[in-house]
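S.K.: So I've got this file, run-v9.txt, and it contains compact mmCIF, C-alpha atoms and all ligand atoms:
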# COMPACT_ATOMS: atom_id res chain seq x y z
CA MET A 180 -116.55 -114.61 25.69
CA SER A 181 -117.09 -114.54 21.92
CA GLN A 182 -118.05 -111.30 20.21
CA THR A 183 -121.50 -112.67 19.30
CA GLN A 184 -122.53 -113.05 22.94
CA THR A 185 -124.22 -110.21 24.75
CA ALA A 186 -123.59 -109.08 28.28
CA ARG A 187 -126.10 -109.60 31.07
CA LEU A 188 -127.85 -106.35 31.96
CA MET A 189 -127.47 -105.01 35.51
CA ASP A 190 -131.01 -104.06 36.37
CA GLY A 191 -130.69 -101.00 38.61
CA ALA A 192 -134.39 -100.24 38.39
CA ALA A 193 -135.35 -103.61 39.90
CA LEU A 194 -132.69 -103.43 42.62
CA ALA A 195 -133.73 -99.85 43.45
CA ARG A 196 -137.36 -100.98 43.80
CA ARG A 197 -136.30 -103.62 46.34
CA ILE A 198 -134.24 -101.08 48.32
CA LEU A 199 -137.14 -98.60 48.27
CA GLU A 200 -139.62 -101.23 49.50
CA GLU A 201 -137.36 -101.99 52.44
CA THR A 202 -136.76 -98.27 53.06
CA SER A 203 -140.48 -97.62 53.03
CA GLY A 204 -141.02 -100.34 55.64
CA ARG A 205 -138.30 -98.82 57.83
CA ALA A 206 -139.80 -95.32 57.49
CA ALA A 207 -143.18 -96.66 58.65
CA GLU A 208 -141.51 -98.41 61.58
CA ILE A 209 -139.78 -95.16 62.63
CA ALA A 210 -143.11 -93.30 62.43
CA ARG A 211 -144.73 -95.99 64.57
CA ARG A 212 -141.99 -96.09 67.21
CA ALA A 213 -141.01 -92.40 67.39
CA GLY A 214 -144.20 -90.71 66.19
CA VAL A 215 -142.07 -88.80 63.66
CA THR A 216 -141.89 -89.25 59.90
CA PRO A 217 -138.37 -89.11 58.39
CA CYS A 218 -137.96 -85.84 56.50
CA LEU A 219 -135.68 -84.88 53.60
CA ALA A 220 -135.23 -81.16 52.89
CA THR A 221 -134.37 -80.39 49.28
CA VAL A 222 -132.86 -77.04 48.42
CA LEU A 223 -133.27 -75.92 44.82
CA VAL A 224 -131.54 -72.77 43.58
CA GLY A 225 -132.96 -71.23 40.40
CA GLU A 226 -135.07 -72.82 37.69
CA ASP A 227 -132.66 -75.08 35.78
CA PRO A 228 -135.12 -77.45 34.01
CA ALA A 229 -133.05 -80.61 34.62
CA SER A 230 -132.69 -79.75 38.32
CA VAL A 231 -136.42 -79.02 38.62
CA THR A 232 -137.13 -82.46 37.10
CA TYR A 233 -134.61 -84.26 39.36
CA VAL A 234 -136.07 -82.59 42.46
CA ARG A 235 -139.62 -83.45 41.40
CA MET A 236 -138.59 -87.10 40.90
CA LYS A 237 -136.86 -87.28 44.27
CA ARG A 238 -139.86 -85.77 46.05
CA ALA A 239 -142.25 -88.17 44.30
CA ARG A 240 -140.13 -91.13 45.43
CA CYS A 241 -140.11 -89.75 48.99
CA ALA A 242 -143.91 -89.53 48.98
CA LYS A 243 -144.15 -93.11 47.68
CA ALA A 244 -141.76 -94.35 50.38
CA GLY A 245 -143.58 -92.57 53.23
CA ILE A 246 -140.80 -90.00 53.73
CA ASP A 247 -141.75 -86.33 54.18
CA SER A 248 -140.04 -83.93 51.83
CA ARG A 249 -139.64 -80.23 52.36
CA LEU A 250 -138.83 -78.16 49.29
CA VAL A 251 -136.89 -74.94 49.79
CA ARG A 252 -136.87 -72.96 46.53
CA LEU A 253 -134.40 -70.11 46.31
CA PRO A 254 -133.96 -67.53 43.56
CA ALA A 255 -131.00 -67.88 41.17
CA THR A 256 -129.80 -64.49 42.46
CA ILE A 257 -129.17 -65.76 46.00
CA THR A 258 -125.68 -65.17 47.40
CA THR A 259 -123.35 -67.80 48.87
CA ALA A 260 -123.86 -66.28 52.34
CA GLU A 261 -127.65 -66.50 52.06
CA LEU A 262 -127.51 -70.10 50.82
CA VAL A 263 -125.11 -71.03 53.61
CA ALA A 264 -127.48 -69.45 56.16
CA THR A 265 -130.41 -71.49 54.79
CA LEU A 266 -128.44 -74.73 54.97
CA ARG A 267 -127.20 -73.98 58.50
CA SER A 268 -130.74 -73.33 59.62
CA LEU A 269 -131.93 -76.66 58.12
CA SER A 270 -128.97 -78.35 59.80
CA GLN A 271 -130.28 -77.10 63.16
CA ASP A 272 -133.94 -77.91 62.50
CA ALA A 273 -134.82 -81.05 64.48
CA ALA A 274 -137.75 -81.83 62.14
CA VAL A 275 -135.34 -82.25 59.19
CA HIS A 276 -133.28 -85.46 59.12
CA GLY A 277 -131.60 -85.21 55.75
CA ILE A 278 -130.56 -82.31 53.49
CA LEU A 279 -130.03 -82.34 49.75
CA LEU A 280 -128.64 -79.32 47.92
CA GLN A 281 -129.44 -79.87 44.25
CA HIS A 282 -126.36 -79.40 42.04
CA PRO A 283 -125.62 -77.12 40.16
CA VAL A 284 -126.32 -73.97 42.15
CA GLY A 285 -125.07 -71.34 39.70
CA SER A 286 -121.52 -70.29 38.94
CA HIS A 287 -121.60 -67.14 41.14
CA ILE A 288 -122.07 -69.33 44.23
CA ASP A 289 -119.26 -71.12 46.04
CA GLU A 290 -120.83 -74.57 45.91
CA ARG A 291 -118.19 -76.14 48.15
CA GLU A 292 -118.84 -73.56 50.88
CA ALA A 293 -122.56 -74.27 50.58
CA PHE A 294 -122.11 -78.05 50.81
CA GLU A 295 -119.94 -77.61 53.90
CA ALA A 296 -122.84 -75.84 55.67
CA ILE A 297 -124.72 -79.16 55.74
CA ALA A 298 -124.28 -80.93 59.09
CA PRO A 299 -122.48 -84.27 58.48
CA GLU A 300 -125.22 -86.22 60.31
CA LYS A 301 -127.76 -84.83 57.81
CA ASP A 302 -125.53 -85.12 54.74
CA VAL A 303 -127.60 -87.95 53.20
CA ASP A 304 -126.36 -87.04 49.69
CA GLY A 305 -122.76 -87.55 50.88
CA VAL A 306 -121.37 -84.28 49.50
CA THR A 307 -119.40 -82.82 52.41
CA MET A 308 -115.67 -83.22 52.89
CA SER A 309 -116.44 -84.88 56.21
CA SER A 310 -118.55 -87.56 54.47
CA PHE A 311 -115.87 -88.05 51.80
CA GLY A 312 -113.18 -88.43 54.49
CA SER A 313 -115.25 -90.88 56.55
CA MET A 314 -116.09 -92.92 53.46
CA SER A 315 -112.46 -93.00 52.31
CA PHE A 316 -111.24 -94.09 55.75
CA GLY A 317 -114.01 -96.69 56.14
CA ARG A 318 -115.57 -94.82 59.09
CA PRO A 319 -119.31 -94.40 59.70
CA GLY A 320 -120.87 -91.73 57.52
CA PHE A 321 -122.90 -91.28 54.38
CA ALA A 322 -121.59 -92.36 50.98
CA SER A 323 -122.02 -90.12 48.01
CA CYS A 324 -125.28 -91.51 46.57
CA THR A 325 -124.31 -92.45 43.02
CA PRO A 326 -121.06 -94.17 44.08
CA GLY A 327 -122.93 -95.89 46.91
CA GLY A 328 -125.54 -97.07 44.39
CA ILE A 329 -122.83 -98.36 42.04
CA MET A 330 -121.28 -100.46 44.83
CA ARG A 331 -124.70 -101.91 45.69
CA LEU A 332 -125.16 -102.90 42.04
CA LEU A 333 -121.72 -104.55 41.91
CA ASP A 334 -122.53 -106.50 45.08
CA ALA A 335 -125.98 -107.52 43.85
CA TYR A 336 -124.34 -109.11 40.81
CA ASP A 337 -121.57 -110.74 42.92
CA VAL A 338 -118.76 -108.89 41.18
CA ASP A 339 -115.49 -109.86 42.83
CA LEU A 340 -113.34 -106.75 43.20
CA VAL A 341 -110.33 -108.05 45.10
CA GLY A 342 -107.20 -107.55 43.03
CA ARG A 343 -109.19 -106.60 39.92
CA ARG A 344 -108.21 -103.66 37.73
CA ALA A 345 -110.87 -100.96 38.13
CA VAL A 346 -110.74 -97.95 35.82
CA VAL A 347 -112.82 -94.89 36.68
CA VAL A 348 -113.26 -92.37 33.88
CA GLY A 349 -114.07 -89.01 35.54
CA ARG A 350 -112.91 -87.52 38.84
CA SER A 351 -115.71 -85.25 40.02
CA ALA A 352 -116.18 -84.77 43.76
CA ILE A 353 -119.63 -86.40 43.72
CA LEU A 354 -118.98 -89.31 41.42
CA GLY A 355 -115.59 -90.27 39.99
CA LYS A 356 -113.41 -89.58 43.03
CA PRO A 357 -115.64 -91.23 45.64
CA VAL A 358 -116.43 -94.30 43.53
CA GLY A 359 -112.67 -94.83 43.11
CA MET A 360 -112.20 -94.65 46.88
CA LEU A 361 -114.98 -97.19 47.46
CA LEU A 362 -113.45 -99.56 44.90
CA LEU A 363 -110.03 -99.11 46.54
CA ALA A 364 -111.54 -99.91 49.94
CA ARG A 365 -112.73 -103.19 48.44
CA ASP A 366 -109.18 -104.04 47.32
CA ALA A 367 -109.51 -103.26 43.61
CA THR A 368 -106.47 -101.75 41.89
CA VAL A 369 -107.83 -98.39 40.83
CA THR A 370 -106.88 -96.10 37.96
CA TYR A 371 -108.50 -92.70 37.49
CA CYS A 372 -108.82 -91.15 34.02
CA HIS A 373 -109.84 -87.56 33.32
CA SER A 374 -109.71 -84.88 30.67
CA ARG A 375 -105.89 -84.75 30.76
CA THR A 376 -105.40 -88.51 30.42
CA THR A 377 -103.29 -89.06 27.33
CA ASP A 378 -104.44 -92.54 26.21
CA LEU A 379 -107.92 -93.27 27.50
CA ALA A 380 -108.40 -96.27 25.21
CA ALA A 381 -105.28 -97.98 26.61
CA ALA A 382 -106.54 -97.55 30.17
CA VAL A 383 -110.03 -98.79 29.26
CA ARG A 384 -108.56 -101.90 27.63
CA GLU A 385 -107.01 -102.85 31.02
CA ALA A 386 -110.26 -102.60 32.98
CA ASP A 387 -111.85 -105.64 34.58
CA VAL A 388 -114.34 -103.17 36.04
CA LEU A 389 -114.99 -99.96 34.16
CA VAL A 390 -116.91 -97.01 35.60
CA ALA A 391 -117.73 -94.24 33.12
CA ALA A 392 -118.63 -90.95 34.84
CA VAL A 393 -117.96 -88.16 32.37
CA GLY A 394 -121.09 -86.76 30.74
CA ARG A 395 -120.01 -87.21 27.10
CA PRO A 396 -122.15 -89.40 24.86
CA ARG A 397 -120.39 -92.67 23.90
CA LEU A 398 -116.95 -91.37 24.86
CA VAL A 399 -115.85 -94.90 25.75
CA ARG A 400 -115.63 -96.98 22.58
CA GLY A 401 -117.14 -100.43 22.74
CA GLU A 402 -114.19 -102.01 20.96
CA ASP A 403 -111.89 -100.91 23.80
CA VAL A 404 -113.89 -102.81 26.44
CA LYS A 405 -111.94 -105.83 27.69
CA PRO A 406 -113.74 -109.10 26.91
CA GLY A 407 -115.53 -110.26 30.06
CA ALA A 408 -115.37 -106.85 31.76
CA VAL A 409 -118.04 -105.36 34.02
CA VAL A 410 -119.17 -102.00 32.64
CA ILE A 411 -120.92 -99.42 34.80
CA ASP A 412 -122.14 -96.44 32.82
CA ALA A 413 -123.05 -93.59 35.18
CA GLY A 414 -123.20 -91.06 32.37
CA TYR A 415 -126.47 -89.55 31.38
CA ASN A 416 -126.61 -87.47 28.22
CA GLN A 417 -129.38 -86.04 26.08
CA GLY A 418 -131.43 -88.67 24.30
CA ASN A 419 -130.99 -91.31 27.03
CA VAL A 420 -127.41 -91.96 25.94
CA GLY A 421 -124.64 -93.02 28.30
CA ASP A 422 -120.89 -92.41 28.24
CA VAL A 423 -120.22 -95.88 26.81
CA ASP A 424 -121.03 -97.06 23.30
CA PHE A 425 -123.54 -99.57 24.62
CA ASP A 426 -124.27 -101.56 21.45
CA THR A 427 -120.64 -102.56 20.89
CA ALA A 428 -119.67 -102.74 24.57
CA ARG A 429 -122.40 -105.27 25.32
CA THR A 430 -120.92 -107.70 22.77
CA ARG A 431 -117.68 -107.78 24.79
CA ALA A 432 -118.65 -107.20 28.43
CA ARG A 433 -119.90 -109.82 30.89
CA LEU A 434 -122.17 -107.40 32.75
CA ILE A 435 -123.29 -103.92 31.74
CA THR A 436 -125.67 -101.25 33.07
CA PRO A 437 -128.31 -99.93 30.67
CA VAL A 438 -128.94 -96.19 30.33
CA PRO A 439 -131.51 -95.44 31.62
CA GLY A 440 -132.43 -98.04 34.22
CA GLY A 441 -128.95 -98.83 35.52
CA VAL A 442 -127.17 -96.40 37.82
CA GLY A 443 -129.81 -93.60 37.85
CA PRO A 444 -132.52 -95.33 39.92
CA MET A 445 -129.88 -96.55 42.39
CA THR A 446 -128.87 -92.97 43.22
CA ILE A 447 -132.36 -92.07 44.43
CA ALA A 448 -132.76 -95.36 46.29
CA VAL A 449 -129.54 -94.76 48.24
CA LEU A 450 -130.56 -91.15 48.95
CA LEU A 451 -133.84 -92.27 50.53
CA GLU A 452 -132.24 -95.17 52.36
CA GLN A 453 -129.66 -92.81 53.86
CA THR A 454 -132.43 -90.38 54.86
CA VAL A 455 -134.09 -93.15 56.84
CA ASP A 456 -130.70 -94.13 58.33
CA ALA A 457 -130.20 -90.48 59.40
CA ALA A 458 -133.68 -90.24 60.94
CA SER A 459 -133.14 -93.48 62.76
CA VAL A 460 -129.91 -92.25 64.38
CA GLN A 461 -131.24 -88.74 65.14
CA LEU A 462 -134.37 -90.17 66.78
CA GLY A 463 -132.30 -92.49 68.94
CA LEU A 464 -133.55 -95.68 67.29
CA ALA A 465 -130.14 -96.84 65.99
CA GLY A 466 -126.46 -96.28 66.66
CA PRO A 467 -124.49 -94.00 64.28
P1 LIG B 501 -118.46 -83.46 35.94
O1 LIG B 501 -118.42 -82.83 37.28
O2 LIG B 501 -118.67 -82.63 34.73
O3 LIG B 501 -117.12 -84.31 35.77
C1 LIG B 501 -116.80 -84.91 34.54
C2 LIG B 501 -115.49 -85.62 34.64
O4 LIG B 501 -115.19 -86.18 33.36
C3 LIG B 501 -114.32 -84.71 35.00
O5 LIG B 501 -113.52 -85.32 35.98
C4 LIG B 501 -113.58 -84.54 33.68
O6 LIG B 501 -112.18 -84.42 33.83
C5 LIG B 501 -113.86 -85.87 33.01
N1 LIG B 501 -113.73 -85.75 31.56
C6 LIG B 501 -114.20 -84.78 30.75
N2 LIG B 501 -113.87 -85.01 29.48
C7 LIG B 501 -113.14 -86.14 29.48
C8 LIG B 501 -112.49 -86.89 28.48
N3 LIG B 501 -112.52 -86.52 27.19
N4 LIG B 501 -111.83 -88.01 28.84
C9 LIG B 501 -111.79 -88.42 30.12
N5 LIG B 501 -112.40 -87.75 31.12
C10 LIG B 501 -113.06 -86.62 30.80
O7 LIG B 501 -119.61 -84.57 35.85
P2 LIG B 501 -120.31 -85.46 37.00
O8 LIG B 501 -121.19 -84.61 37.82
O9 LIG B 501 -119.31 -86.35 37.65
O10 LIG B 501 -121.26 -86.36 36.06
C11 LIG B 501 -120.72 -87.23 35.09
C12 LIG B 501 -121.87 -87.92 34.36
O11 LIG B 501 -122.61 -88.69 35.30
C13 LIG B 501 -122.88 -86.96 33.72
O12 LIG B 501 -123.38 -87.57 32.54
C14 LIG B 501 -124.00 -86.89 34.75
O13 LIG B 501 -125.25 -86.61 34.15
C15 LIG B 501 -123.97 -88.30 35.27
N6 LIG B 501 -124.51 -88.41 36.63
C16 LIG B 501 -125.43 -89.38 36.83
C17 LIG B 501 -125.96 -89.54 38.07
C18 LIG B 501 -126.96 -90.61 38.27
O14 LIG B 501 -127.66 -90.61 39.26
N7 LIG B 501 -127.05 -91.55 37.36
C19 LIG B 501 -125.57 -88.75 39.15
C20 LIG B 501 -124.59 -87.78 38.93
C21 LIG B 501 -124.07 -87.62 37.65
P3 LIG B 501 -111.46 -83.13 34.56
O15 LIG B 501 -111.63 -83.39 36.04
O16 LIG B 501 -110.08 -83.22 34.09
O17 LIG B 501 -112.22 -81.92 34.08
Take the structure from the file and write it as structure tokens.
M.R.:
Amino acid sequence: MSQTQTARLMDGAALARRILEETSGRAAEIARRAGVTPCLATVLVGEDPASVTYVRMKRARCAKAGIDSRLVRLPATITTAELVATLRSLSQDAAVHGILLQHPVGSHIDEREAFEAIAPEKDVDGVTMSSFGSMSFGRPGFASCTPGGIMRLLDAYDVDLVGRRAVVVGRSAILGKPVGMLLLARDATVTYCHSRTTDLAAAVREADVLVAAVGRPRLVRGEDVKPGAVVIDAGYNQGNVGDVDFDTARTRARLITPVPGGVGPMTIAVLLEQTVDAASVQLGLAGP
């Protein structure tokens, strides 16, 4: 590909709309057959403005898709034990089919302990160790939503992963690590980069498929993108800026996600789809 060409955009917003339409139809079908509306419980700790906005967006999408949402607001001063008790109680509540604990919960709380209080069958955000293990071993369970959304995007654009060099920049438990495992399961050759990686540019230059999941504006330089690569930018930074220098990267890549409108909408679509999957299994309408 010559440098004057521009990459095709991977339209996550359009794909997410299609997934949500289908999810909405399935939610209505569950309500008709079981007399119960699928329900997502969202737990929000404190008043972090970004978290408040994310939760509001997720609840609005639920309403649009015909999924009930229950908001549990907890004060920032809550203890780990109290948060764990709330999540255990939601895990046992038959009217709740999926549980989302909005990250971050505050540094005084043991977030991992809180996540582990979510029953695996209701872990529609895919944050528990059980979900991560199932996903990594290719067993039934819920994918972490952003990684799951990224794989759906790659599939929608027919990206062949077998034997390709995939480079994941970032190794968080909710994003970098699980997306690497999903790429590995699809026979890509996966490299993880992180804050201690000594030559990020060299790794990026090798990538047929690049996933940026860091949270640093334009950390990945466009000139390091391999010509013809597929670039997935999961980063979201102030000012609608991703982790990849989009303007230069798009002159070299074959496919690239915009920020916003790429990975972000896919995360919510997968969350709602998995909520309907969970309701379907819990109400005896589908196998696990
Ligand atoms: P995180 O928990 O802060 O993890 C960031 C990762 O980036 C860490 O693994 C860190 O390495 C690595 N890193 C930091 N500086 C680096 C550097 N200079 N070079 C290479 N790697 C570096 O973040 P996260 O929760 O995974 O989120 C990452 C980004 O994705 C953020 O912009 C976030 O807003 C976005 N995000 C988007 C969605 C969505 O729906 N679109 C969902 C979740 C997150 P160490 O492990 O060594 O510290």
S.K.: Separation of atom CA of Arg395 of chain A and atom CA of Leu279 of chain A, in Å?
M.R.: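 Taking atom CA of Arg395 of chain A and atom CA of Leu279 of chain A, their separation equals 25.2 Å.
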S.K.: Select from segment 269-297 of chain A every residue with an atom at most 12 Å from any atom of segment 338-355 of chain A, then for each give the shortest pair of atoms and their distance in Å to one decimal, using only C-alpha atoms, rows by chain and rising number, as a Markdown table.
M.R.:
| residue | atom | partner | partner_atom | distance |
| --- | --- | --- | --- | --- |
| A:Gln281 | CA | A:Ile353 | CA | 11.8 |
| A:His282 | CA | A:Ile353 | CA | 9.9 |
| A:Pro283 | CA | A:Ile353 | CA | 11.6 |
| A:Glu290 | CA | A:Ala352 | CA | 11.4 |
| A:Arg291 | CA | A:Ala352 | CA | 9.9 |
| A:Phe294 | CA | A:Ile353 | CA | 11.2 |
S.K.: Got time to write the residues from that selection, C-alpha atoms, as a JSON list (two decimals), keeping the file's coordinate frame?
M.R.:
[["chain", "number", "residue", "atom", "x", "y", "z"],
["A", 281, "GLN", "CA", -129.44, -79.87, 44.25],
["A", 282, "HIS", "CA", -126.36, -79.40, 42.04],
["A", 283, "PRO", "CA", -125.62, -77.12, 40.16],
["A", 290, "GLU", "CA", -120.83, -74.57, 45.91],
["A", 291, "ARG", "CA", -118.19, -76.14, 48.15],
["A", 294, "PHE", "CA", -122.11, -78.05, 50.81]]
S.K.: May I have a table of the residues of segment 325-399 of chain A lying at most 9 Å from segment 191-208 of chain A, giving each one's closest pair of atoms and their distance in Å to one decimal, counting only C-alpha atoms, ordered by chain and ascending residue number, as CSV?
M.R.:
residue,atom,partner,partner_atom,distance
A:Gly328,CA,A:Gly191,CA,8.7
A:Ile329,CA,A:Gly191,CA,9.0
A:Arg331,CA,A:Leu194,CA,8.7
A:Leu332,CA,A:Gly191,CA,6.8
A:Ala335,CA,A:Leu194,CA,8.0
S.K.: My list of candidates is A:Val215, A:Ala242, A:Ala220, A:Met236. Which is closest to Ser268 of chain A when distances are computed with all atoms listed in the file?
M.R.: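 Residue with the minimum atom-to-atom distance to Ser268 of chain A: A:Ala220.
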S.K.: Kindly indicate which residue among A:Arg252, A:His373, A:Arg238, A:Arg433 lies nearest to Leu223 of chain A, using all atoms listed in the file for the distances.
M.R.: A:Arg252
S.K.: Counting only C-alpha atoms and all ligand atoms, which of A:Gly312, A:Gly394, A:Pro437, A:Pro217 gets nearest to ligand LIG 501 (chain B)?
M.R.: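 The shortest atom-to-atom distance to ligand LIG 501 (chain B) comes from A:Gly394.
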S.K.: List the neighbours of Val438 of chain A out to 9 Å using all atoms listed in the file; skip same-chain residues closer than 5 positions along the sequence, and give me the result as a tab-separated table (two decimals) with C-alpha atoms, in the coordinates of the input.
M.R.:
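Output file part-v2.tsv is given in full below:
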chain	number	residue	atom	x	y	z
A	412	ASP	CA	-122.14	-96.44	32.82
A	413	ALA	CA	-123.05	-93.59	35.18
A	414	GLY	CA	-123.20	-91.06	32.37
A	415	TYR	CA	-126.47	-89.55	31.38
A	419	ASN	CA	-130.99	-91.31	27.03
A	420	VAL	CA	-127.41	-91.96	25.94
A	421	GLY	CA	-124.64	-93.02	28.30
A	425	PHE	CA	-123.54	-99.57	24.62
A	443	GLY	CA	-129.81	-93.60	37.85
S.K.: For atom CA of Gln271 of chain A and atom CA of Thr216 of chain A, determine how far apart the two atoms are, in Å to one decimal place.
M.R.: 17.1 Å
S.K.: Quote the spacing between atom CA of Ala408 of chain A and atom CA of Phe311 of chain A in Å to one decimal place.
M.R.: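 The value is 27.5 Å.
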S.K.: Under the rule that only C-alpha atoms are counted, which of A:Gly317, A:Gly401, A:Gly245, A:Pro357 is the nearest residue to Met330 of chain A?
M.R.: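 Among A:Gly317, A:Gly401, A:Gly245, A:Pro357, it is A:Pro357 that comes nearest to Met330 of chain A.
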S.K.: Could you check which of A:Phe316, A:Ala274, A:Pro254, A:Leu269 is closest to Gly214 of chain A, using all atoms listed in the file?
M.R.: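 The answer is A:Ala274, which sits nearest to Gly214 of chain A.
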S.K.: Give as JSON, numbers by chain every residue, naming chains and numbers as the document does, that has an atom within 12 Å of (-131.4, -81.0, 34.5), counting all atoms listed in the file.
M.R.: {"A": [223, 225, 226, 227, 228, 229, 230, 231, 232, 233, 234, 235, 236, 281, 282, 283, 284, 415, 416, 417]}
S.K.: Go ahead and save the picked residues with C-alpha atoms, as a PDB file, keeping the file's coordinate frame.
M.R.:
ATOM      1  CA  LEU A 223    -133.270 -75.920  44.820  1.00  0.00           C
ATOM      2  CA  GLY A 225    -132.960 -71.230  40.400  1.00  0.00           C
ATOM      3  CA  GLU A 226    -135.070 -72.820  37.690  1.00  0.00           C
ATOM      4  CA  ASP A 227    -132.660 -75.080  35.780  1.00  0.00           C
ATOM      5  CA  PRO A 228    -135.120 -77.450  34.010  1.00  0.00           C
ATOM      6  CA  ALA A 229    -133.050 -80.610  34.620  1.00  0.00           C
ATOM      7  CA  SER A 230    -132.690 -79.750  38.320  1.00  0.00           C
ATOM      8  CA  VAL A 231    -136.420 -79.020  38.620  1.00  0.00           C
ATOM      9  CA  THR A 232    -137.130 -82.460  37.100  1.00  0.00           C
ATOM     10  CA  TYR A 233    -134.610 -84.260  39.360  1.00  0.00           C
ATOM     11  CA  VAL A 234    -136.070 -82.590  42.460  1.00  0.00           C
ATOM     12  CA  ARG A 235    -139.620 -83.450  41.400  1.00  0.00           C
ATOM     13  CA  MET A 236    -138.590 -87.100  40.900  1.00  0.00           C
ATOM     14  CA  GLN A 281    -129.440 -79.870  44.250  1.00  0.00           C
ATOM     15  CA  HIS A 282    -126.360 -79.400  42.040  1.00  0.00           C
ATOM     16  CA  PRO A 283    -125.620 -77.120  40.160  1.00  0.00           C
ATOM     17  CA  VAL A 284    -126.320 -73.970  42.150  1.00  0.00           C
ATOM     18  CA  TYR A 415    -126.470 -89.550  31.380  1.00  0.00           C
ATOM     19  CA  ASN A 416    -126.610 -87.470  28.220  1.00  0.00           C
ATOM     20  CA  GLN A 417    -129.380 -86.040  26.080  1.00  0.00           C
TER      21      GLN A 417
END
S.K.: Please return segment 375-386 of chain A, rebuilt to N, CA, C and O atoms, as a short mmCIF file (atom, residue, chain, number, x, y, z; two decimals), in the frame of the given file.
M.R.:
data_model
loop_
_atom_site.label_atom_id
_atom_site.label_comp_id
_atom_site.auth_asym_id
_atom_site.auth_seq_id
_atom_site.Cartn_x
_atom_site.Cartn_y
_atom_site.Cartn_z
N ARG A 375 -107.30 -84.88 31.13
CA ARG A 375 -105.89 -84.75 30.76
C ARG A 375 -105.22 -86.11 30.56
O ARG A 375 -104.00 -86.18 30.34
N THR A 376 -105.96 -87.17 30.66
CA THR A 376 -105.40 -88.51 30.42
C THR A 376 -105.00 -88.62 28.95
O THR A 376 -105.79 -88.27 28.07
N THR A 377 -103.79 -89.11 28.71
CA THR A 377 -103.29 -89.06 27.33
C THR A 377 -103.80 -90.21 26.46
O THR A 377 -104.04 -90.03 25.28
N ASP A 378 -103.98 -91.42 27.04
CA ASP A 378 -104.44 -92.54 26.21
C ASP A 378 -105.57 -93.26 26.94
O ASP A 378 -105.34 -94.29 27.61
N LEU A 379 -106.76 -92.71 26.81
CA LEU A 379 -107.92 -93.27 27.50
C LEU A 379 -108.18 -94.71 27.05
O LEU A 379 -108.43 -95.60 27.87
N ALA A 380 -108.10 -94.94 25.75
CA ALA A 380 -108.40 -96.27 25.21
C ALA A 380 -107.50 -97.33 25.85
O ALA A 380 -107.97 -98.42 26.21
N ALA A 381 -106.22 -97.01 26.03
CA ALA A 381 -105.28 -97.98 26.61
C ALA A 381 -105.69 -98.31 28.04
O ALA A 381 -105.64 -99.47 28.46
N ALA A 382 -106.10 -97.30 28.79
CA ALA A 382 -106.54 -97.55 30.17
C ALA A 382 -107.81 -98.39 30.18
O ALA A 382 -107.93 -99.34 30.96
N VAL A 383 -108.76 -98.06 29.31
CA VAL A 383 -110.03 -98.79 29.26
C VAL A 383 -109.77 -100.26 28.94
O VAL A 383 -110.39 -101.16 29.52
N ARG A 384 -108.84 -100.52 28.05
CA ARG A 384 -108.56 -101.90 27.63
C ARG A 384 -108.07 -102.76 28.80
O ARG A 384 -108.14 -103.98 28.76
N GLU A 385 -107.54 -102.11 29.86
CA GLU A 385 -107.01 -102.85 31.02
C GLU A 385 -108.08 -103.16 32.05
O GLU A 385 -107.84 -103.89 33.01
N ALA A 386 -109.28 -102.58 31.89
CA ALA A 386 -110.26 -102.60 32.98
C ALA A 386 -111.03 -103.90 33.09
O ALA A 386 -111.71 -104.31 32.14
#
